[in-house]
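K.L.:
Got a structure here, written out as structure tokens. Questions coming.
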Amino acid sequence: MPKLFVASGIFHPEPGGPSTYLKTILPALQERGWQPRVLTFGEPASAEVAYPVARVSRKSYPIRHARYAFASRGHLAWADLVYAHTIDLPLWGGRDKPRVIKVVGDQAWERCIRRGWIPPDSHIDDFQAFAGDWRVRWQKASRSRQIAAMDAVIVPSRYLMRMVIAWGVDQRKVHVIYNALPPAEPPAETRAEIRSHLNWDDRPTLLTVARLQRWKGIDRLIEAQRQLPDWRLVVVGDGPDRPRLVQLAAPLGDRVIFKGQMDRQHVRQLIRAADGLALYSGYEGLSHTLLESLHLGTPVLASDIGGNPEIVEHGVNGVLVPLGNSEALQRGIMELLDRRDDLASNAQAGLERFRLDTMAKHTDALLRSLL
């Protein structure tokens with residue numbers, strides 16, 4: 001039984017793409033004979049998983065970095081293969097073990113925005129050709145060097161594959177394996193029953209589920225509310241941009257509702273109840289949220305960037321909207337609401353590419369090829 005050391009920065013029950021992915025893929029790999037262990041940052045939590053999870057508390061940076069490095073030594077000695085889910089993890093030792101990394105975005109871009117080294121509205125695609133100052137150049141060089149040193153790189157979309165290859169990574173190392181979710185369970189209640197329990201009236205309702213950061217485009221959805229008043233926007237999630245968004249939405253009253261962070265069961269209920277799910281972000285590698293919505297039969301509105309066009313077929317299971325075009329966004333919202341039933345009937349069109357057994361089979365085959 002091959003031993004798999006999974007090194008991550010976050011893990012279930014914390015929200016985020018890596019958490020969702022690992023909670024989905026690791027049981028499937030166990031069924032295929034793998035023996036996983038997880039090391040992550042975070043406070044003690046009940047993960048409700050059938051494999052060991054060790055957590056390193058997020059103290060000050062030097063302390064948590066040193067503790068993670070110390071904790072990883074035993075896992076590195078134990079493992080047959082290392083599967084990392086972010087760069088800059090202190091995995092010192094075990095250099096004789098093959099290493100794989102999953103890349104779901106450009107961490108250099110995210111860090112430069114978070115630290116104020118580039119404007120907060122800088123687009124990830126523009127960042128690729130942006131020289132910047134020495135700090136930006138150092139982040140780019142460090143990111144590229146770490147990923148190029150891996151034995152294999154998994155990306156969830158062709159969009160990200162092209163980006164990673166442009167960083168100088170050998171294209172033979174880069175493998176597209178689409179994200180997937182377990183099959184959606186049939187809902188216990190109808191949409192009407194869920195809406196009744198939520199005390200929603202008949203007003204058309206769009207839901208957005210995201211970490212509240214500037215590039216998620218929630219401010220643009222709020223602005224569209226000013227121009228198209230006959231619908232409601234429900235925002236699920238938390239993050240650093242929440243105070244600004246709440247202030248922007250204040251004049252709109254109950255037309256914009258902030259629900260904060262919610263567990264997956266309640267998010268699924270909201271998705272089922274909504275007329276559509278909106279994800280008008282400036283960047284997406286391959287969105288679990290879009291997949292979840294379509295699995296549940298709720299059509300989507302998404303920006304036409306990143307991996308979104310690899311999920312959404314415009315006019316079939318949702319609406320794709322050019323990024324940064326407010327008039328196009330308004331038209332897209334109107335089209336989604338006007339054609340809601342038609343789009344919902346085709347919501348699962350093309351989802352066979354995102355089946356859990358397909359993702360698990362390809363991941364298992366790639367990992368075993370490295371042993």
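Convention: chains lettered A, B, ... in structure tokens order; per-chain residue numbering from 1; ligands numbered from 1 as shown.
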Please return, as an NGL selection string, all residues of region 239-355 of chain A that DSSP assigns to strand (DSSP E or B) on the basis of the backbone.

P.N.:
:A and (256-260 or 276-279 or 300-303 or 314 or 318-321 or 355)

K.L.:
Using DSSP on the backbone, list every residue of region 269-327 of chain A that comes out as alpha helix (DSSP H), and give them as a PDB file with all heavy atoms, in the first residue's frame.

P.N.:
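And here's out.pdb as it stands now:
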ATOM      1  N   GLN A 269     -28.328  24.236   0.196  1.00  0.00           N
ATOM      2  CA  GLN A 269     -29.736  24.641   0.255  1.00  0.00           C
ATOM      3  C   GLN A 269     -29.953  25.976  -0.445  1.00  0.00           C
ATOM      4  O   GLN A 269     -30.915  26.150  -1.201  1.00  0.00           O
ATOM      5  CB  GLN A 269     -30.201  24.731   1.708  1.00  0.00           C
ATOM      6  CG  GLN A 269     -30.503  23.398   2.363  1.00  0.00           C
ATOM      7  CD  GLN A 269     -31.174  23.578   3.703  1.00  0.00           C
ATOM      8  OE1 GLN A 269     -30.800  24.457   4.493  1.00  0.00           O
ATOM      9  NE2 GLN A 269     -32.171  22.753   3.992  1.00  0.00           N
ATOM     10  N   LEU A 270     -29.055  26.915  -0.191  1.00  0.00           N
ATOM     11  CA  LEU A 270     -29.184  28.228  -0.819  1.00  0.00           C
ATOM     12  C   LEU A 270     -29.022  28.129  -2.340  1.00  0.00           C
ATOM     13  O   LEU A 270     -29.735  28.802  -3.093  1.00  0.00           O
ATOM     14  CB  LEU A 270     -28.149  29.193  -0.240  1.00  0.00           C
ATOM     15  CG  LEU A 270     -28.358  29.628   1.213  1.00  0.00           C
ATOM     16  CD1 LEU A 270     -27.215  30.526   1.654  1.00  0.00           C
ATOM     17  CD2 LEU A 270     -29.681  30.345   1.393  1.00  0.00           C
ATOM     18  N   ILE A 271     -28.075  27.290  -2.783  1.00  0.00           N
ATOM     19  CA  ILE A 271     -27.897  27.115  -4.229  1.00  0.00           C
ATOM     20  C   ILE A 271     -29.165  26.553  -4.853  1.00  0.00           C
ATOM     21  O   ILE A 271     -29.612  27.010  -5.911  1.00  0.00           O
ATOM     22  CB  ILE A 271     -26.690  26.190  -4.511  1.00  0.00           C
ATOM     23  CG1 ILE A 271     -25.382  26.875  -4.113  1.00  0.00           C
ATOM     24  CG2 ILE A 271     -26.646  25.804  -5.995  1.00  0.00           C
ATOM     25  CD1 ILE A 271     -24.156  25.983  -4.233  1.00  0.00           C
ATOM     26  N   ARG A 272     -29.755  25.555  -4.190  1.00  0.00           N
ATOM     27  CA  ARG A 272     -30.992  24.961  -4.708  1.00  0.00           C
ATOM     28  C   ARG A 272     -32.123  25.988  -4.769  1.00  0.00           C
ATOM     29  O   ARG A 272     -32.931  25.985  -5.691  1.00  0.00           O
ATOM     30  CB  ARG A 272     -31.420  23.791  -3.824  1.00  0.00           C
ATOM     31  CG  ARG A 272     -30.690  22.508  -4.105  1.00  0.00           C
ATOM     32  CD  ARG A 272     -31.234  21.848  -5.359  1.00  0.00           C
ATOM     33  NE  ARG A 272     -32.630  21.496  -5.222  1.00  0.00           N
ATOM     34  CZ  ARG A 272     -33.453  21.266  -6.234  1.00  0.00           C
ATOM     35  NH1 ARG A 272     -33.005  21.351  -7.466  1.00  0.00           N
ATOM     36  NH2 ARG A 272     -34.715  20.958  -6.024  1.00  0.00           N
ATOM     37  N   ALA A 273     -32.174  26.870  -3.785  1.00  0.00           N
ATOM     38  CA  ALA A 273     -33.272  27.837  -3.711  1.00  0.00           C
ATOM     39  C   ALA A 273     -33.115  28.986  -4.690  1.00  0.00           C
ATOM     40  O   ALA A 273     -34.109  29.584  -5.122  1.00  0.00           O
ATOM     41  CB  ALA A 273     -33.378  28.384  -2.286  1.00  0.00           C
ATOM     42  N   HIS A 288     -14.924  24.971  -7.962  1.00  0.00           N
ATOM     43  CA  HIS A 288     -15.788  23.965  -7.349  1.00  0.00           C
ATOM     44  C   HIS A 288     -17.210  24.507  -7.185  1.00  0.00           C
ATOM     45  O   HIS A 288     -18.183  23.748  -7.258  1.00  0.00           O
ATOM     46  CB  HIS A 288     -15.255  23.574  -5.964  1.00  0.00           C
ATOM     47  CG  HIS A 288     -14.064  22.666  -6.004  1.00  0.00           C
ATOM     48  ND1 HIS A 288     -12.786  23.118  -5.810  1.00  0.00           N
ATOM     49  CD2 HIS A 288     -13.962  21.328  -6.207  1.00  0.00           C
ATOM     50  CE1 HIS A 288     -11.945  22.101  -5.889  1.00  0.00           C
ATOM     51  NE2 HIS A 288     -12.622  21.005  -6.137  1.00  0.00           N
ATOM     52  N   THR A 289     -17.329  25.819  -6.949  1.00  0.00           N
ATOM     53  CA  THR A 289     -18.651  26.397  -6.725  1.00  0.00           C
ATOM     54  C   THR A 289     -19.523  26.297  -7.969  1.00  0.00           C
ATOM     55  O   THR A 289     -20.722  25.987  -7.880  1.00  0.00           O
ATOM     56  CB  THR A 289     -18.512  27.872  -6.286  1.00  0.00           C
ATOM     57  OG1 THR A 289     -17.671  27.945  -5.136  1.00  0.00           O
ATOM     58  CG2 THR A 289     -19.867  28.467  -5.951  1.00  0.00           C
ATOM     59  N   LEU A 290     -18.949  26.572  -9.148  1.00  0.00           N
ATOM     60  CA  LEU A 290     -19.710  26.410 -10.381  1.00  0.00           C
ATOM     61  C   LEU A 290     -20.147  24.962 -10.566  1.00  0.00           C
ATOM     62  O   LEU A 290     -21.300  24.681 -10.940  1.00  0.00           O
ATOM     63  CB  LEU A 290     -18.886  26.877 -11.583  1.00  0.00           C
ATOM     64  CG  LEU A 290     -18.590  28.373 -11.704  1.00  0.00           C
ATOM     65  CD1 LEU A 290     -17.789  28.652 -12.969  1.00  0.00           C
ATOM     66  CD2 LEU A 290     -19.877  29.193 -11.710  1.00  0.00           C
ATOM     67  N   LEU A 291     -19.235  24.024 -10.322  1.00  0.00           N
ATOM     68  CA  LEU A 291     -19.570  22.611 -10.460  1.00  0.00           C
ATOM     69  C   LEU A 291     -20.692  22.226  -9.493  1.00  0.00           C
ATOM     70  O   LEU A 291     -21.634  21.513  -9.864  1.00  0.00           O
ATOM     71  CB  LEU A 291     -18.341  21.746 -10.197  1.00  0.00           C
ATOM     72  CG  LEU A 291     -17.217  21.803 -11.229  1.00  0.00           C
ATOM     73  CD1 LEU A 291     -16.042  20.937 -10.774  1.00  0.00           C
ATOM     74  CD2 LEU A 291     -17.699  21.354 -12.599  1.00  0.00           C
ATOM     75  N   GLU A 292     -20.598  22.683  -8.267  1.00  0.00           N
ATOM     76  CA  GLU A 292     -21.625  22.367  -7.264  1.00  0.00           C
ATOM     77  C   GLU A 292     -22.993  22.877  -7.709  1.00  0.00           C
ATOM     78  O   GLU A 292     -23.998  22.161  -7.626  1.00  0.00           O
ATOM     79  CB  GLU A 292     -21.255  23.004  -5.924  1.00  0.00           C
ATOM     80  CG  GLU A 292     -22.227  22.713  -4.807  1.00  0.00           C
ATOM     81  CD  GLU A 292     -21.798  21.549  -3.945  1.00  0.00           C
ATOM     82  OE1 GLU A 292     -20.664  21.550  -3.441  1.00  0.00           O
ATOM     83  OE2 GLU A 292     -22.618  20.635  -3.751  1.00  0.00           O
ATOM     84  N   SER A 293     -23.026  24.111  -8.187  1.00  0.00           N
ATOM     85  CA  SER A 293     -24.299  24.686  -8.610  1.00  0.00           C
ATOM     86  C   SER A 293     -24.918  23.899  -9.762  1.00  0.00           C
ATOM     87  O   SER A 293     -26.116  23.578  -9.753  1.00  0.00           O
ATOM     88  CB  SER A 293     -24.097  26.150  -9.020  1.00  0.00           C
ATOM     89  OG  SER A 293     -25.330  26.758  -9.338  1.00  0.00           O
ATOM     90  N   LEU A 294     -24.113  23.567 -10.754  1.00  0.00           N
ATOM     91  CA  LEU A 294     -24.634  22.835 -11.913  1.00  0.00           C
ATOM     92  C   LEU A 294     -25.051  21.419 -11.525  1.00  0.00           C
ATOM     93  O   LEU A 294     -26.059  20.901 -12.015  1.00  0.00           O
ATOM     94  CB  LEU A 294     -23.590  22.809 -13.023  1.00  0.00           C
ATOM     95  CG  LEU A 294     -23.276  24.184 -13.633  1.00  0.00           C
ATOM     96  CD1 LEU A 294     -22.112  24.084 -14.616  1.00  0.00           C
ATOM     97  CD2 LEU A 294     -24.496  24.773 -14.329  1.00  0.00           C
ATOM     98  N   HIS A 295     -24.313  20.776 -10.645  1.00  0.00           N
ATOM     99  CA  HIS A 295     -24.705  19.460 -10.149  1.00  0.00           C
ATOM    100  C   HIS A 295     -26.084  19.514  -9.480  1.00  0.00           C
ATOM    101  O   HIS A 295     -26.861  18.558  -9.567  1.00  0.00           O
ATOM    102  CB  HIS A 295     -23.681  18.926  -9.144  1.00  0.00           C
ATOM    103  CG  HIS A 295     -22.560  18.160  -9.758  1.00  0.00           C
ATOM    104  ND1 HIS A 295     -22.743  16.969 -10.422  1.00  0.00           N
ATOM    105  CD2 HIS A 295     -21.224  18.395  -9.798  1.00  0.00           C
ATOM    106  CE1 HIS A 295     -21.580  16.507 -10.851  1.00  0.00           C
ATOM    107  NE2 HIS A 295     -20.633  17.355 -10.493  1.00  0.00           N
ATOM    108  N   SER A 326     -19.796  46.477 -17.492  1.00  0.00           N
ATOM    109  CA  SER A 326     -20.971  46.555 -16.628  1.00  0.00           C
ATOM    110  C   SER A 326     -22.270  46.378 -17.407  1.00  0.00           C
ATOM    111  O   SER A 326     -23.224  45.755 -16.911  1.00  0.00           O
ATOM    112  CB  SER A 326     -20.989  47.894 -15.877  1.00  0.00           C
ATOM    113  OG  SER A 326     -20.986  48.988 -16.785  1.00  0.00           O
ATOM    114  N   GLU A 327     -22.322  46.899 -18.627  1.00  0.00           N
ATOM    115  CA  GLU A 327     -23.542  46.740 -19.420  1.00  0.00           C
ATOM    116  C   GLU A 327     -23.736  45.278 -19.809  1.00  0.00           C
ATOM    117  O   GLU A 327     -24.866  44.762 -19.774  1.00  0.00           O
ATOM    118  CB  GLU A 327     -23.482  47.625 -20.660  1.00  0.00           C
ATOM    119  CG  GLU A 327     -23.536  49.114 -20.353  1.00  0.00           C
ATOM    120  CD  GLU A 327     -23.520  49.955 -21.624  1.00  0.00           C
ATOM    121  OE1 GLU A 327     -23.427  49.368 -22.731  1.00  0.00           O
ATOM    122  OE2 GLU A 327     -23.601  51.190 -21.496  1.00  0.00           O
TER     123      GLU A 327
END

K.L.:
Using only C-alpha atoms, which protein or nucleic acid residues come within 12 Å of Val235 (chain A)? Drop anything in the same chain fewer than 3 positions from it, and give the result as a PyMOL selection string.

P.N.:
chain A and resi 205-212+216-219+221-222+232+238-239+242+245-246+249+254-262+267+270-271+274+277-279

K.L.:
Store the residues of this selection in a file with C-alpha atoms, as a short mmCIF file (atom, residue, chain, number, x, y, z; two decimals), in the first residue's frame.

P.N.:
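Okay, this is what ended up in selection_34.cif:
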data_model
loop_
_atom_site.label_atom_id
_atom_site.label_comp_id
_atom_site.auth_asym_id
_atom_site.auth_seq_id
_atom_site.Cartn_x
_atom_site.Cartn_y
_atom_site.Cartn_z
CA THR A 205 -32.54 35.77 -6.38
CA LEU A 206 -28.91 35.35 -7.38
CA LEU A 207 -26.42 33.77 -5.00
CA THR A 208 -22.67 34.29 -4.93
CA VAL A 209 -20.37 32.09 -2.83
CA ALA A 210 -16.77 33.21 -2.50
CA ARG A 211 -14.01 34.41 -0.23
CA LEU A 212 -14.62 38.15 -0.12
CA LYS A 216 -14.08 38.11 -6.84
CA GLY A 217 -16.06 40.96 -8.46
CA ILE A 218 -18.82 41.11 -5.86
CA ASP A 219 -18.68 44.91 -5.96
CA LEU A 221 -22.65 42.56 -8.79
CA ILE A 222 -23.68 45.12 -6.17
CA ARG A 232 -32.00 40.13 -4.80
CA ASP A 238 -16.19 36.12 4.45
CA GLY A 239 -12.87 37.81 3.83
CA ARG A 242 -16.32 42.42 3.49
CA LEU A 245 -18.72 45.52 0.28
CA VAL A 246 -21.13 45.99 3.19
CA ALA A 249 -24.45 47.67 -0.38
CA ASP A 254 -32.48 44.03 1.86
CA ARG A 255 -31.74 43.74 -1.85
CA VAL A 256 -28.22 42.61 -0.85
CA ILE A 257 -27.95 40.09 2.00
CA PHE A 258 -24.63 39.03 3.56
CA LYS A 259 -24.85 35.57 5.12
CA GLY A 260 -21.23 35.19 6.23
CA GLN A 261 -19.48 31.83 6.30
CA MET A 262 -21.81 28.83 6.16
CA VAL A 267 -24.77 26.49 1.09
CA LEU A 270 -29.18 28.23 -0.82
CA ILE A 271 -27.90 27.12 -4.23
CA ALA A 274 -31.62 30.50 -5.87
CA LEU A 277 -25.41 31.41 -9.01
CA ALA A 278 -23.16 34.32 -9.99
CA LEU A 279 -19.35 34.13 -10.03
#

K.L.:
Between CA of Val176 (chain A) and CA of Lys361 (chain A), what distance in Å does the model show, to one decimal?

P.N.:
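Value for the CA of Val176 (chain A)-CA of Lys361 (chain A) distance: 12.8 Å.
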
K.L.:
Tell me, as a ChimeraX atom specification, which residues lie within 8 Å of Ile147 (chain A), counting only C-alpha atoms; anything in the same chain fewer than 3 positions away does not count.

P.N.:
/A:87,101,143-144,150,153,169

K.L.:
May I ask which of the residues A:Gly93, A:Gly74, A:Gly105, A:Gly237 is the closest one to Glu14 (chain A), counting only C-alpha atoms?

P.N.:
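Smallest separation from Glu14 (chain A) among the options: A:Gly237.
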
K.L.:
Go through A:Gln30, A:Ser57, A:Ser196, A:Ser303 and flag the residue nearest Arg220 (chain A), using only C-alpha atoms for the distances.

P.N.:
A:Ser303
